[in-house]
Structure formats: structure tokens, C-alpha cells
$ cat run_12.txt   # compact mmCIF, C-alpha atoms
# COMPACT_ATOMS: atom_id res chain seq x y z
CA MET Y 1 7.10 -74.40 -64.59
CA HIS Y 2 5.26 -77.51 -63.48
CA ARG Y 3 3.90 -77.10 -59.97
CA LEU Y 4 5.78 -80.19 -58.73
CA VAL Y 5 9.20 -78.77 -59.59
CA PRO Y 6 9.68 -76.67 -56.41
CA CYS Y 7 8.87 -79.74 -54.29
CA ILE Y 8 11.34 -81.88 -56.25
CA ILE Y 9 13.99 -79.18 -55.85
CA ALA Y 10 13.44 -79.05 -52.11
CA PHE Y 11 13.72 -82.84 -51.88
CA ILE Y 12 16.99 -82.94 -53.79
CA LEU Y 13 18.40 -80.14 -51.66
CA GLN Y 14 17.67 -82.13 -48.54
CA LEU Y 15 19.75 -84.96 -49.93
CA SER Y 16 22.64 -82.79 -51.15
CA PRO Y 17 25.71 -82.52 -48.93
CA ALA Y 18 26.97 -79.09 -47.96
CA VAL Y 19 29.49 -77.54 -50.34
CA SER Y 20 32.22 -75.19 -49.19
CA GLN Y 21 32.10 -71.74 -50.78
CA GLU Y 22 34.82 -71.26 -53.38
CA THR Y 23 36.52 -67.86 -53.31
CA SER Y 24 38.54 -67.75 -56.51
CA PRO Y 25 38.38 -63.95 -57.03
CA ARG Y 26 40.76 -61.92 -54.90
CA LEU Y 27 37.87 -60.27 -53.13
CA GLY Y 28 39.98 -57.67 -51.35
CA ASP Y 29 41.41 -56.36 -54.62
CA TRP Y 30 38.68 -54.72 -56.73
CA ALA Y 31 41.16 -53.86 -59.50
CA ASP Y 32 41.90 -57.58 -59.82
CA VAL Y 33 38.17 -58.35 -59.95
CA LEU Y 34 37.69 -55.80 -62.73
CA ALA Y 35 40.65 -57.16 -64.68
CA ARG Y 36 39.40 -60.74 -64.46
CA ALA Y 37 35.84 -59.68 -65.33
CA ARG Y 38 36.76 -57.98 -68.61
CA GLY Y 39 35.79 -60.22 -71.50
CA GLN Y 40 33.58 -62.48 -69.42
CA THR Y 41 29.99 -63.34 -70.26
CA VAL Y 42 27.58 -63.22 -67.34
CA TYR Y 43 24.48 -65.36 -67.66
CA TRP Y 44 22.02 -63.50 -65.46
CA ASN Y 45 19.02 -65.69 -64.69
CA ALA Y 46 16.14 -63.35 -63.86
CA TRP Y 47 12.37 -63.42 -63.84
CA ALA Y 48 11.10 -61.92 -67.10
CA GLY Y 49 7.42 -61.42 -66.38
CA GLU Y 50 7.42 -57.61 -66.53
CA GLN Y 51 8.56 -55.74 -69.64
CA ALA Y 52 9.62 -52.60 -67.73
CA ILE Y 53 12.07 -54.70 -65.70
CA ASN Y 54 13.29 -56.51 -68.83
CA ARG Y 55 14.04 -53.15 -70.46
CA TYR Y 56 15.92 -52.01 -67.37
CA ILE Y 57 18.03 -55.17 -67.38
CA ALA Y 58 18.78 -54.61 -71.08
CA TRP Y 59 19.90 -51.05 -70.32
CA ALA Y 60 22.12 -52.25 -67.47
CA ALA Y 61 23.67 -54.86 -69.77
CA GLN Y 62 24.56 -52.17 -72.30
CA GLU Y 63 26.12 -49.98 -69.61
CA VAL Y 64 28.17 -52.82 -68.15
CA SER Y 65 29.42 -53.72 -71.62
CA LYS Y 66 30.50 -50.14 -72.36
CA ARG Y 67 32.11 -49.52 -68.98
CA TYR Y 68 33.68 -52.86 -68.13
CA GLY Y 69 33.81 -54.98 -71.27
CA ILE Y 70 31.45 -57.58 -69.81
CA LYS Y 71 28.70 -59.21 -71.86
CA VAL Y 72 25.46 -59.81 -69.97
CA GLU Y 73 22.96 -62.36 -71.23
CA HIS Y 74 19.51 -62.12 -69.63
CA VAL Y 75 18.33 -65.70 -69.23
CA LYS Y 76 14.62 -65.04 -69.01
CA LEU Y 77 12.75 -67.11 -66.45
CA SER Y 78 9.08 -67.61 -65.78
CA ASP Y 79 9.99 -68.85 -62.30
CA THR Y 80 13.23 -68.70 -60.30
CA SER Y 81 12.95 -72.42 -59.64
CA GLU Y 82 14.10 -72.98 -63.23
CA ALA Y 83 17.54 -71.57 -62.41
CA VAL Y 84 17.62 -73.31 -59.04
CA ALA Y 85 16.99 -76.61 -60.83
CA LYS Y 86 20.00 -75.96 -63.10
CA ILE Y 87 22.29 -75.41 -60.12
CA ILE Y 88 21.06 -78.55 -58.37
CA THR Y 89 21.37 -80.66 -61.53
CA GLU Y 90 24.92 -79.44 -62.09
CA LYS Y 91 25.85 -80.21 -58.48
CA ALA Y 92 24.44 -83.73 -58.81
CA ALA Y 93 26.51 -84.19 -61.98
CA GLY Y 94 29.70 -83.05 -60.23
CA ARG Y 95 29.94 -79.83 -62.22
CA ASP Y 96 31.52 -77.79 -59.43
CA LYS Y 97 33.15 -75.38 -61.88
CA GLY Y 98 31.99 -73.83 -65.13
CA GLY Y 99 28.34 -73.64 -64.12
CA SER Y 100 25.74 -72.26 -66.51
CA VAL Y 101 24.28 -69.73 -64.03
CA ASP Y 102 26.49 -66.77 -63.11
CA LEU Y 103 24.03 -64.43 -61.43
CA ILE Y 104 20.52 -65.14 -60.18
CA TRP Y 105 17.68 -62.91 -59.02
CA ILE Y 106 16.63 -64.83 -55.96
CA ASN Y 107 14.54 -64.43 -52.81
CA GLY Y 108 13.03 -66.27 -49.90
CA PRO Y 109 12.83 -70.07 -49.81
CA ASN Y 110 15.16 -70.52 -52.79
CA PHE Y 111 17.87 -68.45 -51.10
CA ALA Y 112 17.44 -70.28 -47.81
CA SER Y 113 17.75 -73.70 -49.43
CA LEU Y 114 20.74 -72.87 -51.62
CA LYS Y 115 22.61 -71.11 -48.85
CA ASP Y 116 21.99 -73.83 -46.28
CA LYS Y 117 23.44 -76.43 -48.65
CA GLY Y 118 26.47 -74.38 -49.65
CA LEU Y 119 25.37 -73.87 -53.24
CA LEU Y 120 26.09 -70.14 -53.22
CA PHE Y 121 29.39 -68.32 -53.62
CA GLY Y 122 30.40 -65.95 -50.87
CA PRO Y 123 30.38 -63.97 -48.76
CA TRP Y 124 31.23 -61.26 -51.30
CA VAL Y 125 28.76 -58.37 -51.10
CA ASP Y 126 30.70 -56.20 -48.66
CA LYS Y 127 33.60 -56.21 -51.16
CA LEU Y 128 31.55 -54.25 -53.71
CA PRO Y 129 32.65 -50.60 -53.81
CA ASN Y 130 29.10 -49.28 -54.13
CA TYR Y 131 27.81 -51.31 -51.19
CA ARG Y 132 29.09 -48.55 -48.92
CA PHE Y 133 26.12 -46.48 -50.08
CA ALA Y 134 23.55 -49.11 -49.09
CA ASP Y 135 21.13 -48.05 -46.37
CA VAL Y 136 21.68 -51.01 -44.08
CA ILE Y 137 20.40 -49.08 -41.04
CA GLY Y 138 17.37 -47.27 -42.43
CA LYS Y 139 16.28 -50.15 -44.68
CA PRO Y 140 16.95 -53.35 -42.74
CA VAL Y 141 15.10 -55.44 -45.34
CA ILE Y 142 18.25 -55.27 -47.50
CA THR Y 143 20.19 -57.39 -44.99
CA ARG Y 144 17.50 -60.01 -44.29
CA ASP Y 145 15.72 -62.18 -46.83
CA PHE Y 146 12.38 -63.45 -45.48
CA THR Y 147 13.80 -62.99 -41.93
CA LEU Y 148 17.08 -64.81 -42.77
CA PRO Y 149 20.34 -62.82 -42.54
CA THR Y 150 21.93 -62.58 -45.98
CA GLU Y 151 25.45 -62.61 -44.47
CA GLY Y 152 27.05 -61.27 -47.63
CA PHE Y 153 25.72 -63.97 -49.94
CA GLU Y 154 23.11 -61.70 -51.61
CA SER Y 155 23.42 -58.18 -52.98
CA PRO Y 156 20.28 -56.02 -52.71
CA TRP Y 157 19.25 -54.09 -55.80
CA ASP Y 158 15.62 -53.11 -55.25
CA ILE Y 159 13.01 -52.65 -52.54
CA ALA Y 160 9.41 -53.57 -53.23
CA GLN Y 161 6.16 -53.18 -51.33
CA LEU Y 162 2.72 -54.66 -51.90
CA VAL Y 163 0.58 -51.85 -53.31
CA PHE Y 164 -3.09 -51.96 -54.32
CA TYR Y 165 -4.61 -49.88 -57.12
CA TYR Y 166 -8.07 -49.19 -58.50
CA ASP Y 167 -10.02 -46.99 -60.91
CA ARG Y 168 -11.52 -44.23 -58.77
CA SER Y 169 -14.07 -43.41 -61.48
CA ARG Y 170 -15.64 -46.85 -60.90
CA THR Y 171 -14.61 -47.63 -57.31
CA PRO Y 172 -14.66 -44.41 -55.28
CA ALA Y 173 -14.11 -46.14 -51.91
CA PRO Y 174 -11.76 -49.14 -52.24
CA PRO Y 175 -11.42 -51.66 -49.38
CA ARG Y 176 -8.62 -50.72 -46.98
CA THR Y 177 -8.06 -54.09 -45.28
CA THR Y 178 -8.19 -57.66 -46.51
CA GLU Y 179 -11.30 -58.21 -44.37
CA ALA Y 180 -12.89 -55.21 -46.11
CA LEU Y 181 -11.79 -56.75 -49.42
CA LEU Y 182 -13.74 -59.90 -48.53
CA GLN Y 183 -16.83 -57.88 -47.71
CA TYR Y 184 -16.44 -55.95 -50.97
CA ALA Y 185 -16.26 -59.24 -52.89
CA LYS Y 186 -19.48 -60.41 -51.25
CA THR Y 187 -21.34 -57.26 -52.30
CA HIS Y 188 -19.66 -57.19 -55.74
CA PRO Y 189 -19.51 -60.86 -56.86
CA GLY Y 190 -16.92 -61.69 -59.46
CA ARG Y 191 -15.00 -58.42 -59.06
CA ILE Y 192 -12.10 -59.58 -56.85
CA THR Y 193 -9.32 -62.09 -57.48
CA TYR Y 194 -5.65 -62.76 -56.80
CA PRO Y 195 -2.87 -64.43 -58.83
CA ASP Y 196 -1.96 -68.10 -58.87
CA VAL Y 197 -0.29 -68.85 -55.54
CA GLN Y 198 2.68 -70.42 -57.33
CA ASN Y 199 3.44 -66.91 -58.53
CA PHE Y 200 5.20 -64.77 -55.92
CA LEU Y 201 2.43 -62.16 -56.00
CA GLY Y 202 -0.27 -64.72 -55.33
CA ALA Y 203 1.76 -66.20 -52.48
CA THR Y 204 2.26 -62.70 -51.08
CA PHE Y 205 -1.48 -62.11 -51.04
CA LEU Y 206 -1.90 -65.21 -48.88
CA LYS Y 207 0.82 -64.00 -46.52
CA GLN Y 208 -0.76 -60.54 -46.32
CA VAL Y 209 -4.10 -62.05 -45.32
CA LEU Y 210 -2.40 -64.28 -42.76
CA ILE Y 211 -0.53 -61.35 -41.23
CA GLU Y 212 -3.77 -59.42 -40.80
CA LEU Y 213 -5.68 -62.37 -39.29
CA VAL Y 214 -3.13 -64.09 -37.05
CA GLU Y 215 -3.37 -63.17 -33.39
CA ASP Y 216 0.36 -62.87 -32.75
CA ARG Y 217 2.34 -61.72 -35.78
CA SER Y 218 5.66 -62.46 -34.11
CA VAL Y 219 5.13 -66.21 -34.64
CA LEU Y 220 5.48 -65.61 -38.39
CA GLN Y 221 9.10 -64.51 -37.93
CA GLU Y 222 10.05 -68.06 -36.96
CA PRO Y 223 9.68 -71.28 -38.97
CA PRO Y 224 6.19 -72.80 -38.67
CA LEU Y 225 5.85 -75.68 -36.24
CA ASP Y 226 3.82 -78.70 -37.30
CA ALA Y 227 1.88 -78.63 -34.04
CA ASP Y 228 0.74 -75.04 -34.60
CA PHE Y 229 0.47 -74.71 -38.38
CA ALA Y 230 -3.15 -75.84 -38.74
CA ARG Y 231 -4.35 -73.65 -35.89
CA LEU Y 232 -2.47 -70.54 -37.00
CA THR Y 233 -3.53 -70.81 -40.64
CA ALA Y 234 -7.18 -71.68 -39.94
CA PRO Y 235 -8.29 -68.02 -40.25
CA LEU Y 236 -6.62 -67.83 -43.68
CA TRP Y 237 -8.49 -70.87 -45.00
CA ALA Y 238 -11.76 -69.60 -43.53
CA PHE Y 239 -11.15 -66.29 -45.34
CA LEU Y 240 -10.49 -68.01 -48.67
CA ASP Y 241 -13.44 -70.38 -48.26
CA GLU Y 242 -15.65 -67.30 -48.09
CA LEU Y 243 -13.83 -65.41 -50.85
CA HIS Y 244 -13.62 -68.03 -53.58
CA PRO Y 245 -17.37 -68.51 -54.20
CA VAL Y 246 -17.78 -64.76 -54.80
CA ALA Y 247 -14.42 -64.19 -56.53
CA TRP Y 248 -13.71 -63.77 -60.24
CA ARG Y 249 -14.66 -67.01 -62.02
CA SER Y 250 -15.94 -68.30 -58.69
CA GLY Y 251 -12.41 -69.00 -57.48
CA LYS Y 252 -11.99 -71.76 -60.07
CA ALA Y 253 -9.33 -69.90 -62.07
CA PHE Y 254 -6.71 -67.31 -61.22
CA PRO Y 255 -4.61 -64.88 -63.26
CA ALA Y 256 -1.07 -66.16 -63.75
CA ASN Y 257 0.79 -63.07 -62.59
CA SER Y 258 0.70 -59.31 -62.01
CA ALA Y 259 0.48 -58.55 -65.74
CA GLU Y 260 -2.69 -60.64 -66.14
CA LEU Y 261 -4.14 -59.12 -62.97
CA ARG Y 262 -3.45 -55.64 -64.34
CA GLN Y 263 -5.10 -56.56 -67.65
CA LEU Y 264 -8.23 -57.72 -65.83
CA LEU Y 265 -8.51 -54.31 -64.20
CA ALA Y 266 -7.92 -52.60 -67.55
CA ASP Y 267 -10.65 -54.75 -69.11
CA ARG Y 268 -12.99 -53.84 -66.23
CA GLU Y 269 -13.39 -57.47 -65.24
CA ILE Y 270 -12.23 -56.75 -61.68
CA ASP Y 271 -12.19 -53.67 -59.44
CA ILE Y 272 -8.98 -54.06 -57.40
CA ALA Y 273 -5.49 -55.09 -58.49
CA PHE Y 274 -2.16 -55.11 -56.71
CA SER Y 275 1.54 -55.32 -57.38
CA PHE Y 276 4.91 -55.49 -55.67
CA ASN Y 277 6.01 -52.47 -57.70
CA PRO Y 278 4.80 -49.22 -56.07
CA SER Y 279 4.95 -47.49 -59.47
CA GLU Y 280 3.11 -50.14 -61.48
CA ALA Y 281 -0.01 -48.00 -61.90
CA SER Y 282 2.07 -44.99 -63.00
CA LEU Y 283 3.92 -47.03 -65.59
CA ALA Y 284 0.72 -48.59 -66.92
CA ILE Y 285 -0.93 -45.17 -67.20
CA ALA Y 286 2.10 -43.79 -69.05
CA ARG Y 287 1.95 -46.72 -71.49
CA GLY Y 288 -1.76 -46.20 -72.07
CA GLU Y 289 -2.65 -49.56 -70.50
CA LEU Y 290 -4.67 -48.01 -67.66
CA PRO Y 291 -6.76 -44.83 -67.54
CA ALA Y 292 -5.50 -41.74 -65.70
CA SER Y 293 -8.28 -42.25 -63.15
CA VAL Y 294 -6.34 -45.15 -61.55
CA SER Y 295 -4.82 -44.58 -58.10
CA SER Y 296 -2.68 -46.69 -55.80
CA TYR Y 297 -2.65 -47.14 -52.03
CA VAL Y 298 -1.42 -49.35 -49.21
CA LEU Y 299 -3.78 -51.09 -46.83
CA ASP Y 300 -4.52 -49.65 -43.42
CA GLY Y 301 -2.02 -51.17 -41.05
CA GLY Y 302 0.56 -51.71 -43.77
CA THR Y 303 1.57 -54.18 -46.46
CA ILE Y 304 4.45 -56.58 -46.93
CA ALA Y 305 7.74 -55.08 -48.08
CA ASN Y 306 10.94 -56.86 -49.01
CA ALA Y 307 14.13 -56.50 -51.02
CA ASN Y 308 15.10 -58.06 -54.31
CA PHE Y 309 18.50 -59.73 -54.18
CA LEU Y 310 21.19 -61.07 -56.49
CA ALA Y 311 23.27 -64.15 -55.68
CA ILE Y 312 26.15 -65.97 -57.36
CA PRO Y 313 26.08 -69.79 -57.51
CA TYR Y 314 29.03 -71.65 -56.01
CA ASN Y 315 30.06 -73.00 -59.43
CA ALA Y 316 29.50 -69.87 -61.55
CA SER Y 317 31.80 -69.54 -64.54
CA SER Y 318 32.06 -65.74 -64.33
CA LYS Y 319 32.08 -64.83 -60.66
CA GLU Y 320 34.08 -61.65 -61.21
CA GLY Y 321 31.78 -60.45 -63.97
CA ALA Y 322 28.75 -61.20 -61.81
CA MET Y 323 30.22 -59.14 -58.97
CA VAL Y 324 30.82 -56.20 -61.30
CA VAL Y 325 27.25 -56.37 -62.57
CA ALA Y 326 25.92 -56.41 -59.01
CA ASP Y 327 28.15 -53.47 -58.08
CA PHE Y 328 26.94 -51.45 -61.06
CA LEU Y 329 23.33 -52.09 -60.07
CA LEU Y 330 24.17 -50.55 -56.68
CA SER Y 331 25.60 -47.40 -58.27
CA PRO Y 332 23.70 -44.12 -57.79
CA GLN Y 333 23.22 -43.89 -61.57
CA ALA Y 334 21.63 -47.33 -61.85
CA GLN Y 335 19.55 -46.95 -58.69
CA ALA Y 336 18.23 -43.53 -59.73
CA ARG Y 337 17.23 -44.80 -63.16
CA LYS Y 338 15.49 -47.80 -61.62
CA GLN Y 339 13.53 -45.60 -59.19
CA ASP Y 340 12.23 -43.34 -61.98
CA PRO Y 341 8.54 -44.29 -62.40
CA SER Y 342 8.87 -43.82 -66.14
CA VAL Y 343 11.49 -46.59 -66.21
CA TRP Y 344 10.61 -49.09 -63.47
CA GLY Y 345 9.72 -47.30 -60.26
CA GLY Y 346 11.54 -49.70 -57.96
CA LEU Y 347 12.58 -48.16 -54.65
CA THR Y 348 16.28 -47.52 -54.08
CA VAL Y 349 18.34 -49.53 -51.59
CA LEU Y 350 20.75 -46.62 -51.11
CA SER Y 351 20.96 -44.04 -48.35
CA LEU Y 352 20.79 -40.68 -50.10
CA SER Y 353 22.60 -39.08 -47.17
CA LYS Y 354 25.69 -41.13 -48.08
CA LEU Y 355 25.77 -39.76 -51.63
CA SER Y 356 27.45 -36.68 -53.02
CA SER Y 357 25.25 -33.70 -53.81
CA ASP Y 358 25.57 -34.45 -57.52
CA ASP Y 359 24.46 -38.06 -57.04
CA ARG Y 360 21.54 -37.02 -54.83
CA ARG Y 361 20.31 -34.80 -57.62
CA LEU Y 362 19.98 -37.87 -59.84
CA PHE Y 363 17.07 -38.95 -57.64
CA GLU Y 364 15.44 -35.52 -57.83
CA THR Y 365 15.16 -35.43 -61.62
CA PRO Y 366 11.48 -34.94 -62.54
CA ASN Y 367 10.09 -37.87 -64.45
CA THR Y 368 7.66 -37.63 -67.30
CA ALA Y 369 5.41 -40.51 -66.31
CA THR Y 370 1.86 -39.95 -65.16
CA VAL Y 371 2.21 -40.11 -61.40
CA VAL Y 372 -0.36 -41.43 -58.97
CA ARG Y 373 -0.07 -40.90 -55.23
CA PRO Y 374 3.48 -41.99 -54.30
CA VAL Y 375 4.00 -44.89 -51.94
CA THR Y 376 7.33 -45.53 -50.21
CA GLU Y 377 8.76 -48.44 -48.30
CA ALA Y 378 8.64 -46.36 -45.11
CA GLU Y 379 4.86 -46.14 -45.35
CA SER Y 380 3.52 -48.96 -43.19
CA ALA Y 381 5.98 -51.59 -44.38
CA LEU Y 382 5.40 -55.03 -42.85
CA PRO Y 383 8.19 -57.63 -42.61
CA GLU Y 384 8.04 -60.84 -44.60
CA PRO Y 385 7.22 -64.01 -42.66
CA HIS Y 386 9.95 -66.63 -42.39
CA ALA Y 387 10.64 -68.29 -45.75
CA ARG Y 388 9.17 -71.64 -44.67
CA TRP Y 389 5.74 -70.08 -44.12
CA MET Y 390 5.51 -69.33 -47.83
CA THR Y 391 6.46 -72.91 -48.74
CA ARG Y 392 4.01 -74.46 -46.27
CA ILE Y 393 1.15 -72.13 -47.19
CA ILE Y 394 1.50 -72.81 -50.91
CA GLN Y 395 1.56 -76.57 -50.32
CA ALA Y 396 -1.52 -76.36 -48.08
CA TRP Y 397 -3.36 -74.15 -50.61
CA LEU Y 398 -2.70 -76.64 -53.41
CA GLN Y 399 -3.96 -79.50 -51.28
CA ARG Y 400 -7.15 -77.63 -50.38
CA TYR Y 401 -8.06 -75.90 -53.62
CA ALA Y 402 -6.05 -77.09 -56.64
CA SER Y 403 -8.24 -80.12 -57.34
CA LYS Y 404 -11.54 -78.29 -56.90

$ encode --input "run_12.txt" --output "C-alpha cells"
Amino acid sequence: MHRLVPCIIAFILQLSPAVSQETSPRLGDWADVLARARGQTVYWNAWAGEQAINRYIAWAAQEVSKRYGIKVEHVKLSDTSEAVAKIITEKAAGRDKGGSVDLIWINGPNFASLKDKGLLFGPWVDKLPNYRFADVIGKPVITRDFTLPTEGFESPWDIAQLVFYYDRSRTPAPPRTTEALLQYAKTHPGRITYPDVQNFLGATFLKQVLIELVEDRSVLQEPPLDADFARLTAPLWAFLDELHPVAWRSGKAFPANSAELRQLLADREIDIAFSFNPSEASLAIARGELPASVSSYVLDGGTIANANFLAIPYNASSKEGAMVVADFLLSPQAQARKQDPSVWGGLTVLSLSKLSSDDRRLFETPNTATVVRPVTEAESALPEPHARWMTRIIQAWLQRYASK
């Protein structure tokens, strides 16, 4: 996706009038939802940058087809903004029904923009039968998206946390803070990098550094003010100004995503990699992509954690089918399979205490993947900054570094 597209999307959204949420399904009658959903095709627009996740989506599609007679088409995206652009284009063309996007994997600024302008269907999530198992108390990230209350417009289906990993046979003492990472880069030139900031993982790295360097972290829970933005982000730019000259390829190029970052570690071009999937190292070891000497860890003081959400556009053609898909993904069977490190390793959004003894056992099934030290969302999880911080930081990064 061209780097100007998110800015164009944001501009169009500012011009778009609010749209009232259509509620065509009889949300209080799940039997009616199931009946309407049968035979529908759900076009699920979802990021496709990780094969383990793609395989999980394919499995879920097969299960939904067998159980409910719904066909799921995975519309594979390189960036969520592609689907957002479709919704905006259809709104501008007056296509308020029969939209091409039925379900969208969405987070952060995209959710905030679409919800504010009434381009999402809902609220609907509390009508899902399996939502009663969600751990809304113990895992508050599943009810807030980049600090913004989801208010029933997004269904959680995964919890992620920023996790670092390294090859202990080559790096016996990895850096435990971002400041230590900078010092490591200075003593090991060319061995540290981070993904393109227009990728969510690269943007998360910037936010992680900012969280560690800002004097008062509470300011990040509110939208950035123009009067304070330069002052509050100055430590971040100072950090990057020092890092880039000693980074991989002298900070002139960056891996596109987590897969390319992982490959650089596998090729021994860098010493530290990171991911939003706590089980990424385990999965890569099991696939033979990384050696068994790789271990994962979280930084001292914690790392950013958030939830992955699903939303339904206001003009979706198959709202009922999309709701059934989201409900299935909240089922104990789907959540347990997703959490298995040999499948995906994504952390469950469910409260195991709410499940039956049989369903709890699904999460206790030993997996066959090579397991590195487990990391959970309860281990030093840091909240996401407000969604607008991500947008502003990316814009500022591009202005400072993209042309150099």
C-alpha cells in the first residue's frame, strides 16, 4: 500500500458525514441470526502477512462452513487500510447496502476513524452467545482499542504482546530495555533494526521506545496536543538519531514486516528480533526456520499488549454471517486451537474460570511445538497509547527520516 493512502483515508473520513448504524439482524434472536446466515458468503478482510495466521483462518472457514453453512472468503490484505479504503469509497458512491467487506480485522486508528463517522455496524458483540466467556474483567484490553472503548462495535479474538527473541548461542545477554538496545547497537554496529514504521510492528517499536522515555506515561492515554507533541516526542527522535547510524544498513533501509525481521535473525544478519505473537519463536523453531537455541523474553518494565478485534462495516452484505464467524472465533474450541503454539500461539481472550471442565481441558492439551520460555499477557503488559499517537508518530517519522 502506498504510504500516502492512510493520509488520504483520514482526509476523506474527516469530510464524510456520520452514518447511523443499521441493525437489520434481529440481534436479540440468535436463532434468527443463524437462519439468516446460512448460505451467506462472508468476505473477511484480514492481514495476510503471517502464514500461521492464514492457516488458522482457513481452518476456521472450514469449521464455519461445516457447522453453519456459511462460506468464508479470506480477502488477504497487506495493510488494513486497503479494506478501509473500500468502505470509504463505497460510502462516497452511496453504496449503503451490499458492501464488499463483511468482516474486517481492525485495530487502533482505523477503528477510531470508522466508528466516529458511523461506518461500522453495531453495537452487536454482546449478542454473541460465546461473548459470555470473554474475560472482560481480567483482560481489560479486550474492551478498549488503543484506549478507546469498543462499545460493542468490535469483537475481540486474540491478545498479543510485544515479545523479543534472540539466539542465546550468539547473544548470551540480550538488552533488557530499549536504552540497553541502543547501547548494544553502538557496540555491535549493524546488528539491530526494526520494521518499516508503516507496518504495525514498526510503529509499535516507536511507541515502546516512547513509553520508556517519556516522563509521564499517563499523557499517552489521551490524544496528543499540538503544543506538547514536539516536546514529548523529542526523546524518541534523539534515540532514533543515535540508533540509525549504527543500525542494520545504517538506518537507510528497514525490513517490511515481522517475517522479514525474523528472516534477518535466521540469516544471522541481526541479533535481536521481536514480534506481537508471544509464540512466534516457538512456531519458527518447529518449522525449522530458527534454531532451537532461540529464546524469547519481554523487556524489563514491560511491553505493549493489545487485543485483535473484528468489526462489521455499516453496509456489509452478510452481517449475520459475519456475526456467526465472530462468535465461532470466541468459542472455547477456536480459542484453544489458536493458543496452541504449534498452530498460532495467540493468547486467549476467554476467562477459563467461566468454562466447563471439559472446555478448560482443551487449553491444557500438550502441544508438540518446540517451546521457548512462555510469555503471557499478564507479564508486564503495558497499555497502548491513544490511537492518535500512532498516527502522529508515523507522520513525524516519515517527515524526519523517509527522504534521507

$ atom_distance --input "run_12.txt" --atom1 "atom CA of Leu182 of chain Y" --atom2 "atom CA of Phe239 of chain Y"
7.6 Å

$ closest_atom_pairs --input "run_12.txt" --of "segment 278-332 of chain Y" --to "segment 51-57 of chain Y" --cutoff "12 Å" --atoms "all atoms listed in the file" --output "Markdown table"
| residue | atom | partner | partner_atom | distance |
| --- | --- | --- | --- | --- |
| Y:Ser279 | CA | Y:Ala52 | CA | 10.8 |
| Y:Glu280 | CA | Y:Ala52 | CA | 9.4 |
| Y:Ser282 | CA | Y:Ala52 | CA | 11.7 |
| Y:Leu283 | CA | Y:Ala52 | CA | 8.3 |
| Y:Ala284 | CA | Y:Ala52 | CA | 9.8 |
| Y:Ala286 | CA | Y:Ala52 | CA | 11.7 |
| Y:Arg287 | CA | Y:Ala52 | CA | 10.4 |
| Y:Val325 | CA | Y:Ile57 | CA | 10.5 |
| Y:Ala326 | CA | Y:Ile57 | CA | 11.6 |
| Y:Phe328 | CA | Y:Ile57 | CA | 11.5 |
| Y:Leu329 | CA | Y:Ile57 | CA | 9.5 |

$ closest_residue --input "run_12.txt" --among "Y:Gly202, Y:Phe133, Y:Tyr401, Y:Leu347" --to "Asp359 of chain Y" --atoms "only C-alpha atoms"
Y:Phe133

$ closest_residue --input "run_12.txt" --among "Y:Pro223, Y:Gly321, Y:Pro278, Y:Gly251" --to "Tyr297 of chain Y" --atoms "only C-alpha atoms"
Y:Pro278

$ residues_around --input "run_12.txt" --residues "Asp167 of chain Y" --least-positions-apart "5" --cutoff "8 Å" --atoms "all atoms listed in the file" --output "count of residues only"
7

$ atom_distance --input "run_12.txt" --atom1 "atom CA of Met323 of chain Y" --atom2 "atom CA of Met390 of chain Y"
29.0 Å

$ residues_near_point --input "run_12.txt" --point "(-7.1, -58.0, -44.7)" --cutoff "12 Å" --atoms "all atoms listed in the file" --output "JSON, numbers by chain"
{"Y": [175, 176, 177, 178, 179, 180, 181, 182, 183, 184, 205, 206, 207, 208, 209, 210, 211, 212, 213, 214, 235, 236, 239, 240, 243, 298, 299, 300, 301, 302, 303, 304]}

$ atom_distance --input "run_12.txt" --atom1 "atom CA of Phe153 of chain Y" --atom2 "atom CA of Ser65 of chain Y"
24.3 Å

$ residues_around --input "run_12.txt" --residues "Ile192 of chain Y" --least-positions-apart "5" --cutoff "6 Å" --atoms "only C-alpha atoms" --output "list in words"
Ala185, Ala247, Trp248 and Ile270 of chain Y

$ write_last_selection --input "run_12.txt" --atoms "C-alpha atoms" --output "CSV table (one decimal), keeping the file's coordinate frame"
chain,number,residue,atom,x,y,z
Y,185,ALA,CA,-16.3,-59.2,-52.9
Y,247,ALA,CA,-14.4,-64.2,-56.5
Y,248,TRP,CA,-13.7,-63.8,-60.2
Y,270,ILE,CA,-12.2,-56.8,-61.7

$ closest_residue --input "run_12.txt" --among "Y:Asp226, Y:Arg168, Y:Ser317, Y:Trp105" --to "Leu290 of chain Y" --atoms "only C-alpha atoms"
Y:Arg168

$ closest_residue --input "run_12.txt" --among "Y:Asp96, Y:Glu320, Y:Asp340, Y:Glu222" --to "Arg36 of chain Y" --atoms "all atoms listed in the file"
Y:Glu320

$ residues_around --input "run_12.txt" --residues "Lys252 of chain Y" --least-positions-apart "5" --cutoff "12 Å" --atoms "all atoms listed in the file" --output "VMD selection string"
chain Y and resid 190 193 to 196 241 243 to 247 401 to 404

$ write_last_selection --input "run_12.txt" --atoms "C-alpha atoms" --output "PDB file, in the coordinates of the input"
ATOM      1  CA  GLY Y 190     -16.920 -61.690 -59.460  1.00  0.00           C
ATOM      2  CA  THR Y 193      -9.320 -62.090 -57.480  1.00  0.00           C
ATOM      3  CA  TYR Y 194      -5.650 -62.760 -56.800  1.00  0.00           C
ATOM      4  CA  PRO Y 195      -2.870 -64.430 -58.830  1.00  0.00           C
ATOM      5  CA  ASP Y 196      -1.960 -68.100 -58.870  1.00  0.00           C
ATOM      6  CA  ASP Y 241     -13.440 -70.380 -48.260  1.00  0.00           C
ATOM      7  CA  LEU Y 243     -13.830 -65.410 -50.850  1.00  0.00           C
ATOM      8  CA  HIS Y 244     -13.620 -68.030 -53.580  1.00  0.00           C
ATOM      9  CA  PRO Y 245     -17.370 -68.510 -54.200  1.00  0.00           C
ATOM     10  CA  VAL Y 246     -17.780 -64.760 -54.800  1.00  0.00           C
ATOM     11  CA  ALA Y 247     -14.420 -64.190 -56.530  1.00  0.00           C
ATOM     12  CA  TYR Y 401      -8.060 -75.900 -53.620  1.00  0.00           C
ATOM     13  CA  ALA Y 402      -6.050 -77.090 -56.640  1.00  0.00           C
ATOM     14  CA  SER Y 403      -8.240 -80.120 -57.340  1.00  0.00           C
ATOM     15  CA  LYS Y 404     -11.540 -78.290 -56.900  1.00  0.00           C
TER      16      LYS Y 404
END

$ residues_around --input "run_12.txt" --residues "Ile394 of chain Y" --least-positions-apart "5" --cutoff "12 Å" --atoms "all atoms listed in the file" --output "list in words"
Arg3, Leu4, Pro6, Cys7, Pro109, Asp196, Val197, Gln198, Asn199, Phe200, Leu201, Gly202, Ala203, Thr204, Phe205, Leu206, Lys207, Thr233, Leu236, Trp237, Ala387, Arg388, Trp389, Gln399, Arg400, Tyr401 and Ala402 of chain Y

$ residues_near_point --input "run_12.txt" --point "(16.9, -66.0, -70.5)" --cutoff "9 Å" --atoms "all atoms listed in the file" --output "list in words"
Tyr43, Trp44, Asn45, Ala46, Trp47, Ala48, Glu73, His74, Val75, Lys76 and Leu77 of chain Y

$ closest_residue --input "run_12.txt" --among "Y:Gln263, Y:Gln161, Y:Asn277, Y:Asn110" --to "Ser380 of chain Y" --atoms "only C-alpha atoms"
Y:Gln161
